[in-house]
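Structure data follow from my_file-v3.cif (mmCIF, C-alpha atoms):
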data_upload
#
loop_
_atom_site.label_atom_id
_atom_site.label_comp_id
_atom_site.auth_asym_id
_atom_site.auth_seq_id
_atom_site.Cartn_x
_atom_site.Cartn_y
_atom_site.Cartn_z
CA MET A 1 4.85 51.09 38.23
CA THR A 2 5.60 52.26 34.68
CA LEU A 3 9.04 53.79 34.11
CA PHE A 4 8.82 54.37 30.36
CA ALA A 5 6.03 54.42 27.78
CA THR A 6 5.34 55.36 24.19
CA LYS A 7 2.00 56.54 22.82
CA SER A 8 1.32 55.89 19.13
CA LEU A 9 5.03 56.28 18.38
CA THR A 10 5.74 56.55 14.66
CA LYS A 11 8.93 57.14 12.68
CA GLN A 12 8.77 57.49 8.93
CA PHE A 13 11.53 57.77 6.36
CA GLY A 14 9.89 59.18 3.26
CA GLY A 15 6.84 57.02 2.71
CA VAL A 16 8.16 54.10 4.75
CA SER A 17 7.11 53.63 8.38
CA ALA A 18 10.04 52.08 10.25
CA VAL A 19 8.03 52.35 13.49
CA SER A 20 4.26 52.50 13.20
CA SER A 21 1.92 53.65 16.00
CA VAL A 22 3.67 51.63 18.71
CA ASN A 23 2.19 51.71 22.22
CA PHE A 24 4.71 50.28 24.63
CA SER A 25 5.34 50.42 28.36
CA ILE A 26 8.18 49.27 30.59
CA PRO A 27 7.51 48.45 34.25
CA ARG A 28 10.13 49.73 36.65
CA GLY A 29 12.63 47.05 37.69
CA ASN A 30 11.99 44.64 34.81
CA ILE A 31 14.12 43.14 32.06
CA ILE A 32 12.21 43.54 28.80
CA GLY A 33 13.11 41.97 25.46
CA LEU A 34 12.42 43.60 22.09
CA ILE A 35 12.59 41.09 19.25
CA GLY A 36 11.62 40.73 15.61
CA PRO A 37 13.09 39.82 12.24
CA ASN A 38 15.78 41.93 10.58
CA GLY A 39 14.29 45.20 9.37
CA ALA A 40 11.46 45.10 11.91
CA GLY A 41 12.30 48.58 13.22
CA LYS A 42 13.95 47.64 16.51
CA THR A 43 17.07 49.81 16.26
CA THR A 44 15.03 52.70 14.83
CA PHE A 45 12.79 52.38 17.88
CA PHE A 46 15.89 52.65 20.11
CA ASN A 47 17.18 55.64 18.15
CA VAL A 48 13.88 57.48 18.56
CA ILE A 49 13.38 56.82 22.26
CA SER A 50 16.99 57.77 23.07
CA GLY A 51 16.70 61.06 21.16
CA LEU A 52 19.00 60.27 18.23
CA LEU A 53 16.05 60.55 15.82
CA PRO A 54 12.95 62.72 16.24
CA PRO A 55 9.62 60.89 16.07
CA THR A 56 7.36 61.64 13.14
CA SER A 57 4.42 61.52 15.52
CA GLY A 58 3.49 60.13 18.91
CA GLU A 59 4.81 60.79 22.40
CA LEU A 60 7.46 59.47 24.77
CA PHE A 61 7.12 59.41 28.55
CA PHE A 62 9.97 58.69 30.96
CA ASP A 63 9.79 58.63 34.74
CA GLY A 64 6.64 60.71 34.85
CA ARG A 65 7.47 63.36 32.26
CA ASN A 66 6.97 63.87 28.54
CA ILE A 67 10.38 63.66 26.85
CA THR A 68 9.20 63.94 23.24
CA GLY A 69 11.68 66.05 21.27
CA LEU A 70 14.43 66.12 23.90
CA ARG A 71 18.06 65.81 22.77
CA PRO A 72 20.13 62.70 23.62
CA TYR A 73 22.17 64.47 26.34
CA GLN A 74 18.98 65.70 27.99
CA ILE A 75 17.49 62.21 28.00
CA THR A 76 20.73 60.79 29.39
CA ARG A 77 20.68 63.31 32.24
CA LEU A 78 17.14 62.20 33.08
CA GLY A 79 18.39 58.63 33.48
CA MET A 80 18.33 56.73 30.19
CA ALA A 81 21.52 55.24 28.70
CA ARG A 82 22.21 52.93 25.79
CA THR A 83 24.74 50.79 23.99
CA PHE A 84 24.95 50.31 20.23
CA GLN A 85 24.73 47.36 17.90
CA ASN A 86 28.21 48.23 16.59
CA ILE A 87 30.78 48.87 19.32
CA ARG A 88 31.49 52.60 19.70
CA LEU A 89 34.33 52.91 22.17
CA PHE A 90 37.00 55.62 22.33
CA SER A 91 39.75 53.39 20.99
CA GLY A 92 42.58 55.76 21.91
CA MET A 93 41.59 55.75 25.58
CA THR A 94 42.03 53.20 28.32
CA THR A 95 39.20 51.17 29.79
CA PHE A 96 39.06 53.51 32.79
CA GLU A 97 39.11 56.64 30.64
CA ASN A 98 36.22 55.37 28.52
CA VAL A 99 34.08 55.02 31.62
CA PHE A 100 35.36 58.25 33.20
CA VAL A 101 34.23 60.29 30.17
CA ALA A 102 30.67 59.08 30.70
CA ARG A 103 30.65 60.48 34.24
CA HIS A 104 30.60 64.02 32.83
CA VAL A 105 26.81 63.89 32.68
CA ARG A 106 26.70 63.52 36.50
CA THR A 107 29.24 66.25 37.40
CA LYS A 108 28.63 69.96 38.08
CA ALA A 109 32.08 71.45 38.65
CA GLY A 110 32.54 72.53 35.05
CA ILE A 111 35.74 73.23 33.13
CA LEU A 112 37.13 75.90 35.47
CA GLY A 113 36.51 73.77 38.53
CA ALA A 114 38.28 70.84 36.92
CA LEU A 115 41.23 72.99 35.80
CA PHE A 116 41.78 74.70 39.13
CA GLY A 117 40.91 71.79 41.38
CA GLY A 118 38.08 73.32 43.38
CA LYS A 119 36.47 71.49 46.29
CA LEU A 120 33.46 70.44 44.23
CA ALA A 121 35.67 69.09 41.46
CA ARG A 122 37.83 67.14 43.93
CA ARG A 123 34.78 65.67 45.64
CA GLU A 124 33.21 64.72 42.32
CA ASP A 125 36.47 63.15 41.11
CA SER A 126 36.62 61.05 44.28
CA GLU A 127 32.98 59.98 43.89
CA SER A 128 33.54 59.17 40.21
CA LEU A 129 36.62 57.09 40.98
CA SER A 130 34.70 55.05 43.55
CA LYS A 131 31.73 54.60 41.21
CA ILE A 132 33.89 53.60 38.23
CA ASN A 133 35.91 51.07 40.22
CA GLU A 134 32.66 49.54 41.49
CA ILE A 135 31.30 49.21 37.95
CA LEU A 136 34.55 47.82 36.52
CA LEU A 137 34.78 45.28 39.34
CA ASP A 138 31.17 44.15 38.83
CA LEU A 139 31.69 43.80 35.06
CA GLU A 140 35.04 42.03 35.53
CA LEU A 141 37.04 44.81 33.89
CA LEU A 142 38.96 46.23 36.85
CA ASP A 143 42.15 44.33 35.99
CA SER A 144 42.00 45.89 32.51
CA ALA A 145 41.42 49.47 33.71
CA ALA A 146 44.77 50.76 32.38
CA ILE A 147 44.60 48.86 29.08
CA ALA A 148 43.70 50.61 25.81
CA ALA A 149 40.11 49.85 24.84
CA ASP A 150 41.03 48.68 21.34
CA THR A 151 43.30 45.96 22.73
CA LEU A 152 40.55 44.32 24.80
CA SER A 153 38.93 41.11 23.62
CA TYR A 154 35.62 41.41 21.79
CA GLY A 155 33.65 40.25 24.83
CA GLN A 156 35.48 42.74 27.06
CA GLN A 157 34.74 45.57 24.64
CA ARG A 158 31.05 44.68 24.78
CA ARG A 159 31.17 44.77 28.58
CA LEU A 160 33.03 48.10 28.47
CA GLU A 161 30.21 49.65 26.45
CA ILE A 162 27.81 48.54 29.15
CA ALA A 163 30.14 49.86 31.87
CA ARG A 164 30.28 53.25 30.16
CA ALA A 165 26.49 53.39 30.01
CA LEU A 166 26.22 52.44 33.69
CA ALA A 167 28.58 55.27 34.62
CA THR A 168 25.80 57.72 33.74
CA GLU A 169 23.72 56.16 36.56
CA PRO A 170 20.75 55.19 34.39
CA LYS A 171 17.30 54.26 35.59
CA LEU A 172 16.70 52.62 32.19
CA LEU A 173 19.46 50.84 30.25
CA LEU A 174 18.94 50.14 26.54
CA LEU A 175 21.07 47.29 25.17
CA ASP A 176 21.18 46.90 21.39
CA GLU A 177 22.13 43.28 20.58
CA PRO A 178 24.57 42.97 23.49
CA SER A 179 25.46 39.32 22.72
CA ALA A 180 26.26 39.92 19.01
CA GLY A 181 29.51 38.14 18.16
CA MET A 182 29.81 36.44 21.54
CA ASN A 183 30.44 32.75 22.04
CA THR A 184 28.25 30.59 24.28
CA SER A 185 30.37 31.13 27.40
CA GLU A 186 30.47 34.89 26.92
CA THR A 187 26.71 34.97 26.37
CA GLU A 188 26.07 33.07 29.59
CA GLU A 189 28.29 35.55 31.46
CA LEU A 190 26.37 38.41 29.84
CA MET A 191 23.06 36.99 31.04
CA GLU A 192 24.36 36.84 34.60
CA MET A 193 25.67 40.39 34.25
CA ILE A 194 22.32 41.76 33.06
CA VAL A 195 20.56 40.12 35.99
CA ARG A 196 23.11 41.73 38.34
CA ILE A 197 22.51 45.11 36.71
CA ARG A 198 18.79 44.76 37.34
CA ALA A 199 19.58 43.89 40.96
CA ARG A 200 21.30 47.30 41.21
CA GLY A 201 17.91 48.90 40.54
CA VAL A 202 18.35 49.44 36.80
CA THR A 203 15.50 48.60 34.43
CA VAL A 204 16.71 46.96 31.21
CA LEU A 205 15.30 46.98 27.68
CA LEU A 206 17.27 44.86 25.22
CA ILE A 207 17.16 44.09 21.52
CA GLU A 208 18.44 40.57 20.99
CA HIS A 209 18.42 37.77 18.43
CA ASP A 210 19.67 35.10 20.81
CA MET A 211 16.41 33.54 21.94
CA ASN A 212 18.04 31.55 24.73
CA LEU A 213 19.15 34.84 26.27
CA VAL A 214 15.78 36.54 25.76
CA MET A 215 13.72 33.63 27.04
CA GLY A 216 16.12 33.06 29.91
CA ILE A 217 16.12 36.49 31.58
CA CYS A 218 13.20 38.61 30.30
CA GLU A 219 9.96 39.02 32.25
CA LYS A 220 8.20 40.43 29.20
CA ILE A 221 8.88 40.34 25.46
CA VAL A 222 7.61 42.73 22.80
CA VAL A 223 7.66 41.70 19.13
CA LEU A 224 7.92 44.10 16.19
CA ASP A 225 7.33 43.21 12.56
CA TYR A 226 7.53 45.81 9.77
CA GLY A 227 7.52 48.52 12.43
CA LYS A 228 4.31 47.34 14.09
CA LYS A 229 3.90 45.70 17.48
CA ILE A 230 2.39 42.30 16.77
CA ALA A 231 2.68 40.67 20.20
CA GLU A 232 3.53 41.31 23.83
CA GLY A 233 3.69 38.86 26.70
CA THR A 234 5.69 36.51 28.87
CA PRO A 235 8.34 34.27 27.31
CA ALA A 236 5.90 31.33 27.42
CA GLU A 237 3.19 33.35 25.69
CA ILE A 238 5.56 34.59 22.98
CA ARG A 239 7.04 31.13 22.43
CA ASN A 240 3.59 29.76 21.60
CA ASN A 241 2.23 32.74 19.69
CA GLU A 242 1.36 31.67 16.13
CA GLN A 243 1.70 35.19 14.72
CA VAL A 244 5.17 35.55 16.22
CA ILE A 245 6.30 32.18 14.91
CA GLU A 246 5.14 33.05 11.43
CA ALA A 247 6.58 36.57 11.38
CA TYR A 248 9.83 35.92 13.17
CA LEU A 249 10.73 32.45 11.95
CA GLY A 250 8.53 31.62 8.99
CA ARG A 251 6.41 28.52 8.67
CA GLU A 252 9.39 26.41 7.64
CA GLN A 253 11.24 26.93 10.90
CA ASP A 254 11.08 24.69 13.91
CA TYR A 255 9.20 25.98 16.95
CA GLU A 256 12.25 25.10 19.04
CA ASP A 257 14.09 28.09 17.53
CA LEU A 258 12.05 30.29 19.87
CA GLY A 259 13.58 28.60 22.88
#
Would you kindly transcribe this structure into structure tokens?
Amino acid sequence: MTLFATKSLTKQFGGVSAVSSVNFSIPRGNIIGLIGPNGAGKTTFFNVISGLLPPTSGELFFDGRNITGLRPYQITRLGMARTFQNIRLFSGMTTFENVFVARHVRTKAGILGALFGGKLARREDSESLSKINEILLDLELLDSAAIAADTLSYGQQRRLEIARALATEPKLLLLDEPSAGMNTSETEELMEMIVRIRARGVTVLLIEHDMNLVMGICEKIVVLDYGKKIAEGTPAEIRNNEQVIEAYLGREQDYEDLG
């Protein structure tokens, strides 16, 4: 069953098409990889589908409704969350506080309820505490809950971004180069973590340059080149696709670079 889809999605900057007439669908419960060379339009695609940029043309569909033109907070409330290529944590806050802030999208008590400690606010605080502790435990951050975010290791900060996104209770999680800057051990842990996230019922779409990660955990891979979708298929199909090899690696590269 399809959770998310685009129809002829296009994003232009002046006369340049960063995303060009892309038709794309994500089955519910899958881990999908979005790959392509630098400048292929991958992050622009993320920015458009998450509401940070308006599409020039085309439509977006999420969980059975048309979300074209919605603002980021509206899309988040519907169940889509994302991380960024460059870490964007609240550096002056603790690990716990970073995740707690994200829970705002799932609370209803409002400012007055929070200030005066109404029953709804107390119940929501209790539910948030339980949810946050569960997420931090699963992402191996619970022992660092009281530590300032900017003092965490690089790998921990990457995991904290994911934890913050999970706190919004997404149906679809967008990960923009989650393994960037990680060593081999951290990347292997990340792969296990993403599989666990999917097991929680969260569908995952990730942009990634690490082909071992992409080929290792993705059911389907979509390839962009100059804003256009040039291929879509299983890891085995993508690994042996001549057009992908030429566009992504160039003829001089070894086929083994695709996993």
**Message:** To test your reading of the syntax: which residues would the PyMOL selection byres ((chain A and resi 196-203) around 7) return for the file shown? Reply as a list in words.
**Reply:**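 Listing what the PyMOL selection byres ((chain A and resi 196-203) around 7) selects in the shown file: Arg28, Gly29, Asn30, Ile31, Pro170, Lys171, Leu172, Leu173, Glu192, Met193, Ile194, Val195, Val204 and Leu205 of chain A.
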**Asked** Which of these residues is nearest to Ser130 in chain A, using all atoms listed in the file: A:Thr6, A:Ala18, A:Val99, A:Glu219?
**Response**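 Going through A:Thr6, A:Ala18, A:Val99, A:Glu219 one by one, the smallest distance to Ser130 in chain A is for A:Val99.
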**Request:** Could you tell me which residues the PyMOL selection byres ((chain A and resi 11-14) around 12) grabs in this file, written as a ChimeraX atom specification?
**Result:** /A:8-10,15-22,41-49,52-59,226-228
**Request:** Provide the CA of Lys229 in chain A to CA of Pro72 in chain A distance in Å, to one decimal place.
**Result:** 24.3 Å
**Request:** One decimal, Å: what's the distance from CA of Pro27 in chain A over to CA of Thr2 in chain A, could you say?
**Result:**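 Pair CA of Pro27 in chain A / CA of Thr2 in chain A returns 4.3 Å.
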**Picked residues, the PyMOL selection byres ((chain A and resi 73) around 12), expected as a PyMOL selection string** = chain A and resi 50-52+67+69-72+74-82+102+104-106+168
Hey, can I get the axis-aligned box for range 10-24 of chain A? All listed atoms, 3 Å padding on each side, centre and edge lengths in Å to one decimal, as AutoDock Vina command-line options.
--center_x 6.7 --center_y 54.7 --center_z 13.7 --size_x 15.6 --size_y 14.9 --size_z 27.9
**Fill in**
Using only C-alpha atoms, the shortest atom-to-atom distance to Asn98 in chain A among A:Phe62, A:Gly39, A:Ile162, A:Asn86 belongs to A:Ile162
**Asked** Can you tell me how far CA of Asn133 in chain A sits from CA of Ile26 in chain A, in Å to one decimal?
**Response**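 Between these atoms lies a distance of 29.4 Å.
Shortest atom-to-atom contact with Leu141 in chain A among A:Leu190, A:Ala163, A:Met93, A:Leu129: A:Ala163, counting only C-alpha atoms.
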**Prompt:** Given the choices A:Asn212, A:Ser185, A:Ser126, A:Ser91, which gets closest to Pro235 in chain A if the distance is worked out from all atoms listed in the file?
**Reply:** A:Asn212
**Message:** Residues within 12 Å of Ala146 in chain A, please, as a PyMOL selection string. Count only C-alpha atoms; anything in the same chain fewer than 2 positions from it doesn't count.
**Reply:** chain A and resi 92-99+133+136+141-144+148-152
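Restricting the calculation to only C-alpha atoms, the smallest distance between Glu169 in chain A and any of A:Met191, A:Ile132, A:Leu139, A:Ile217 is found for A:Ile132.
Between Phe24 in chain A and the residues A:Glu232, A:Glu127, A:Glu140, A:Glu177, the shortest atom-to-atom distance, using only C-alpha atoms, involves A:Glu232.
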